[in-house]
Every structure is written in structure tokens, then in C-alpha cells.
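Engineer: One structure coming up, written as C-alpha cells, with questions to follow.
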Amino acid sequence: MLFRQYLQPETGCASYLFGCTGTARAVAVDVLPNAVRPMLDILDLSGMHCVAVVETHLQADHVSAGRDLAARTGAPYVAHHAAPLAFPFAAAHNGDRIDAGNVQVTIWETPGHSDDSLALLVTDRTRADEPWVVLTGDTLLVGDAGRPDLHGEANAAQLASMLYDSLQRLSALPDYVAVYPSHFAGSVCGRALSATPASTIGFERRHNAALAPRTREELIRFMLHDLPEEPPDFARMRLVNRGLPPAATVPTTA
């Protein structure tokens, strides 16, 4: 399995490209603008073609380049079926699979940081029939979990309750499964992020405070405590990533 991680340290963001070299099929995830050219270069050098560009959630801290890469490669742009996007996309549901040859991706809905959050379980069938890697988006981070207030402060408690279920599900994976999140230290999407942009389920279960044994109500209080203010540019970037003009007024329903 080819697996590449692309980092943007100044904002603590990560992108991924992985796939099966034998069948020349690749998947890109949470594409940063500075990752488009390196991804295209890898695809060209390896002779692989991109079969899906996946967004694990509506990004708020950077402008996503996922649609750009999808347009350049002809791959479908995949997002949660409830993602509030103003353009056509391939809707992902819990349990959906992406076929990348010997590399298989199973999509989990993992709401909490946002209600459109996804995690991707990656299996390399040349090694085993069990998942090797989980790309956790902003749900489970190295040292923390994704804060639940960046996609509607009024819904933060409800999202924190959803996060409880998502973290329970992810933490039940085997210890050896590698964790690759979409953010690390430098991002404000968590409060105690490690500068190491990868971990394992076992290590996080033992040392991540967000995975400490708690009731749902205790986790809600923990996740809502001592949150820094949302950076002022996040609202604009959410609009851009939805495909709306930055100055657009988002309609509300009565």
C-alpha cells in the first residue's frame, strides 16, 4: 500500500493520499492547497489514478482543495450525505466502501466535531483482512478530540453527545490500528493536540484525556470546558468550502 501524509504545520492540518500500486487506484483525503501538486506528482510517477477525493467534514480552518483535485483527476468528490454543500457531490453513508484494489476503505459516520464528520477505515488486503489505519478526520485527534462548538455554538452540547458515541466506536478498534487525524498541534480544532501527527488506538486509549472513562454527561462537560474563541475567519472559510460566496447570507428556516 502506498501511503503519504502531507502536513501544513502553520495551521496544524494534514492531507492524505493512499492506495494500491498493484491496481493503480488511489484515494485522497482532506486535500490542502499545498498538497495538490505533490499528489498529482505521485499519481503521475506511480501511474495510479485517483478513484475518490474524500472530505472528512466541512473544513473551517482552511480552504479545501478537494474539489480542485477532483476536477483535475476526474475522481468523485465524496462527503457525508448531510454535508451542507451548495454543489453536487457523491454522498457517503455509514458502511459505504471505496474500492481501491487491494486497499479497501470503509466509511464510518462519526459526528461530534460536526454533524457531517466521517472516519475512514483502511484495509490493505495484501497484509491482512483487518483494518490497518483509521483516518479520523477531526473526531479523534492525537491527544484530544475535535471540539464540538465550531459548527454552531448553539448545538455544541448536542454535538458533544454525538461525539461520545463516535469516540466509543473508534476506541473499540484494536490497539494496533494506526490513527491519522486531519489536525495536529497548531490547529484550534482541539485544546491539547500533540505535535506528532499520528498515533495508535491503543496509545490514545491509554493517554488521551478525551478517551478517559466517562459517562455521556461527563464527556459533554469535559468537551465544553475552557474552549478558546473561534477565530474570526472560520465563518468565511466554511462558506467558501460550502461553495457559497464569502459574503453570502445563510438562509434560516422558521
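Scheme for the C-alpha cells: letters A, B, ... for chains in order shown; per-chain residue numbers from 1; ligand numbers from 1 in order shown.
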So that I can see what lies close to A:Gly66, please list as a PDB file with C-alpha atoms, in the first residue's frame the residues with an atom at most 10 Å from it, counting only C-alpha atoms and leaving out residues fewer than 4 positions away in the same chain.
Structural biologist:
```pdb
ATOM      1  CA  SER A  15      -3.880  15.623   3.971  1.00  0.00           C
ATOM      2  CA  ALA A  28      -7.136  11.390  -1.485  1.00  0.00           C
ATOM      3  CA  VAL A  29      -8.444  12.771   1.812  1.00  0.00           C
ATOM      4  CA  ASP A  30      -8.865  16.329   3.157  1.00  0.00           C
ATOM      5  CA  VAL A  31      -6.801  17.902   0.401  1.00  0.00           C
ATOM      6  CA  LEU A  32      -4.867  21.032   1.332  1.00  0.00           C
ATOM      7  CA  PRO A  33      -3.957  23.557  -1.375  1.00  0.00           C
ATOM      8  CA  ALA A  35      -0.858  19.103  -1.307  1.00  0.00           C
ATOM      9  CA  VAL A  36      -2.440  19.208  -4.772  1.00  0.00           C
ATOM     10  CA  ALA A  52     -12.155   9.234  -4.811  1.00  0.00           C
ATOM     11  CA  VAL A  53     -11.429  12.545  -3.118  1.00  0.00           C
ATOM     12  CA  VAL A  54     -12.924  12.427   0.374  1.00  0.00           C
ATOM     13  CA  GLU A  55     -13.666  15.305   2.745  1.00  0.00           C
ATOM     14  CA  ALA A  70     -11.294  16.012  -8.062  1.00  0.00           C
ATOM     15  CA  ALA A  71     -11.646  18.194 -11.164  1.00  0.00           C
ATOM     16  CA  ARG A  72      -8.036  17.586 -12.192  1.00  0.00           C
ATOM     17  CA  PRO A  76     -15.765  11.905  -7.463  1.00  0.00           C
ATOM     18  CA  TYR A  77     -15.771  14.350  -4.579  1.00  0.00           C
ATOM     19  CA  VAL A  78     -17.100  12.392  -1.580  1.00  0.00           C
ATOM     20  CA  ASN A 241     -15.930  25.354   1.386  1.00  0.00           C
TER      21      ASN A 241
END
```
Engineer: As a ChimeraX atom specification, please: all residues of stretch 45-250 of chain A that backbone DSSP puts in alpha helix (DSSP H).
Structural biologist: /A:45-46,66-73,156-171,201-207,216-224,234-242
Engineer: For those residues, write N, CA and C atoms to a file as a compact mmCIF listing (two decimals), in the first residue's frame.
Structural biologist:
```txt
# COMPACT_ATOMS: atom_id res chain seq x y z
N LEU A 45 3.91 9.78 -11.24
CA LEU A 45 5.10 8.94 -11.16
C LEU A 45 4.76 7.47 -10.95
N SER A 46 3.69 7.20 -10.20
CA SER A 46 3.33 5.83 -9.89
C SER A 46 2.41 5.21 -10.93
N GLY A 66 -10.07 20.03 -2.21
CA GLY A 66 -10.60 18.75 -2.65
C GLY A 66 -11.29 18.82 -4.00
N ARG A 67 -12.08 19.84 -4.20
CA ARG A 67 -12.78 19.95 -5.50
C ARG A 67 -11.80 20.20 -6.64
N ASP A 68 -10.73 20.93 -6.34
CA ASP A 68 -9.71 21.18 -7.36
C ASP A 68 -9.07 19.86 -7.78
N LEU A 69 -8.67 19.04 -6.80
CA LEU A 69 -8.04 17.76 -7.15
C LEU A 69 -9.04 16.85 -7.85
N ALA A 70 -10.28 16.85 -7.41
CA ALA A 70 -11.29 16.01 -8.06
C ALA A 70 -11.47 16.42 -9.52
N ALA A 71 -11.49 17.72 -9.78
CA ALA A 71 -11.65 18.19 -11.16
C ALA A 71 -10.44 17.82 -12.02
N ARG A 72 -9.25 17.89 -11.43
CA ARG A 72 -8.04 17.59 -12.19
C ARG A 72 -7.88 16.09 -12.48
N THR A 73 -8.44 15.26 -11.62
CA THR A 73 -8.26 13.81 -11.78
C THR A 73 -9.50 13.11 -12.31
N ALA A 156 -23.62 22.89 20.39
CA ALA A 156 -22.38 22.28 20.89
C ALA A 156 -22.66 21.12 21.84
N ALA A 157 -23.62 21.26 22.73
CA ALA A 157 -23.90 20.18 23.67
C ALA A 157 -24.44 18.95 22.94
N GLN A 158 -25.29 19.16 21.94
CA GLN A 158 -25.81 18.04 21.17
C GLN A 158 -24.69 17.34 20.40
N LEU A 159 -23.79 18.13 19.81
CA LEU A 159 -22.67 17.54 19.09
C LEU A 159 -21.73 16.80 20.05
N ALA A 160 -21.52 17.35 21.24
CA ALA A 160 -20.68 16.66 22.22
C ALA A 160 -21.29 15.32 22.62
N SER A 161 -22.60 15.26 22.68
CA SER A 161 -23.27 13.99 22.96
C SER A 161 -23.04 13.00 21.82
N MET A 162 -23.12 13.47 20.58
CA MET A 162 -22.82 12.61 19.44
C MET A 162 -21.36 12.16 19.46
N LEU A 163 -20.49 13.07 19.89
CA LEU A 163 -19.06 12.75 19.96
C LEU A 163 -18.81 11.59 20.92
N TYR A 164 -19.56 11.54 21.99
CA TYR A 164 -19.42 10.43 22.95
C TYR A 164 -19.56 9.10 22.23
N ASP A 165 -20.60 8.95 21.41
CA ASP A 165 -20.83 7.69 20.70
C ASP A 165 -19.73 7.43 19.68
N SER A 166 -19.29 8.47 18.98
CA SER A 166 -18.25 8.29 17.96
C SER A 166 -16.93 7.87 18.59
N LEU A 167 -16.58 8.48 19.73
CA LEU A 167 -15.33 8.11 20.40
C LEU A 167 -15.40 6.69 20.95
N GLN A 168 -16.57 6.31 21.46
CA GLN A 168 -16.73 4.93 21.93
C GLN A 168 -16.49 3.95 20.78
N ARG A 169 -17.02 4.28 19.63
CA ARG A 169 -16.87 3.39 18.47
C ARG A 169 -15.42 3.29 18.02
N LEU A 170 -14.76 4.44 17.89
CA LEU A 170 -13.37 4.44 17.44
C LEU A 170 -12.45 3.77 18.45
N SER A 171 -12.67 4.02 19.73
CA SER A 171 -11.77 3.47 20.75
C SER A 171 -11.94 1.97 20.91
N ILE A 201 -4.59 3.52 18.16
CA ILE A 201 -5.78 3.46 19.02
C ILE A 201 -5.36 3.10 20.45
N GLY A 202 -4.46 2.13 20.59
CA GLY A 202 -4.05 1.70 21.93
C GLY A 202 -3.41 2.81 22.73
N PHE A 203 -2.51 3.57 22.09
CA PHE A 203 -1.83 4.65 22.81
C PHE A 203 -2.84 5.73 23.19
N GLU A 204 -3.73 6.09 22.27
CA GLU A 204 -4.71 7.13 22.58
C GLU A 204 -5.67 6.67 23.67
N ARG A 205 -6.05 5.41 23.66
CA ARG A 205 -6.95 4.92 24.70
C ARG A 205 -6.31 5.06 26.08
N ARG A 206 -5.00 4.88 26.14
CA ARG A 206 -4.30 4.95 27.42
C ARG A 206 -3.95 6.38 27.84
N HIS A 207 -3.71 7.28 26.87
CA HIS A 207 -3.11 8.57 27.21
C HIS A 207 -3.88 9.79 26.70
N ARG A 216 -21.71 9.88 29.43
CA ARG A 216 -22.01 10.84 28.35
C ARG A 216 -22.03 12.27 28.90
N GLU A 217 -22.69 12.45 30.03
CA GLU A 217 -22.82 13.80 30.60
C GLU A 217 -21.45 14.34 31.01
N GLU A 218 -20.60 13.48 31.53
CA GLU A 218 -19.25 13.91 31.91
C GLU A 218 -18.43 14.31 30.70
N LEU A 219 -18.58 13.57 29.60
CA LEU A 219 -17.83 13.94 28.39
C LEU A 219 -18.33 15.27 27.84
N ILE A 220 -19.63 15.48 27.86
CA ILE A 220 -20.18 16.75 27.38
C ILE A 220 -19.57 17.90 28.15
N ARG A 221 -19.54 17.78 29.48
CA ARG A 221 -18.95 18.86 30.29
C ARG A 221 -17.47 19.02 29.98
N PHE A 222 -16.76 17.91 29.84
CA PHE A 222 -15.33 17.97 29.53
C PHE A 222 -15.07 18.67 28.20
N MET A 223 -15.85 18.34 27.18
CA MET A 223 -15.61 18.88 25.84
C MET A 223 -16.03 20.35 25.73
N LEU A 224 -16.91 20.80 26.60
CA LEU A 224 -17.37 22.20 26.52
C LEU A 224 -16.61 23.12 27.46
N PHE A 234 -13.04 31.76 10.43
CA PHE A 234 -13.62 30.43 10.24
C PHE A 234 -14.97 30.49 9.53
N ALA A 235 -15.80 31.47 9.86
CA ALA A 235 -17.13 31.56 9.24
C ALA A 235 -16.99 31.76 7.73
N ARG A 236 -16.04 32.61 7.32
CA ARG A 236 -15.83 32.84 5.89
C ARG A 236 -15.37 31.57 5.20
N MET A 237 -14.44 30.84 5.82
CA MET A 237 -13.92 29.65 5.17
C MET A 237 -14.97 28.54 5.07
N ARG A 238 -15.86 28.47 6.06
CA ARG A 238 -16.94 27.50 5.95
C ARG A 238 -17.82 27.80 4.75
N LEU A 239 -18.11 29.08 4.53
CA LEU A 239 -18.92 29.46 3.37
C LEU A 239 -18.22 29.10 2.07
N VAL A 240 -16.92 29.42 1.98
CA VAL A 240 -16.17 29.10 0.77
C VAL A 240 -16.19 27.59 0.52
N ASN A 241 -15.98 26.80 1.56
CA ASN A 241 -15.93 25.35 1.39
C ASN A 241 -17.30 24.75 1.11
N ARG A 242 -18.35 25.47 1.45
CA ARG A 242 -19.70 25.03 1.08
C ARG A 242 -20.02 25.34 -0.38
```
Engineer: Hey, what's within 10 Å of A:Arg97 if we count only C-alpha atoms and toss same-chain stuff fewer than 4 positions away? As a list in words, please?
Structural biologist: Ala92, His93, Gln104, Val105, Thr106, Ile107, Trp108, Leu120, Leu121 and Val122 of chain A
Engineer: Could you check which of A:Ala83, A:Ala185, A:Ala24, A:Leu193 is closest to A:Leu7, using only C-alpha atoms?
Structural biologist: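 When distances to A:Leu7 are compared using only C-alpha atoms, the smallest one comes from A:Ala185.
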Engineer: From the set A:Gly74, A:Pro228, A:Gly137, A:Pro88, which residue has the shortest atom-to-atom contact distance to A:Phe184, counting only C-alpha atoms?
Structural biologist: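 Looking only at the distances to A:Phe184, the closest residue turns out to be A:Gly137.
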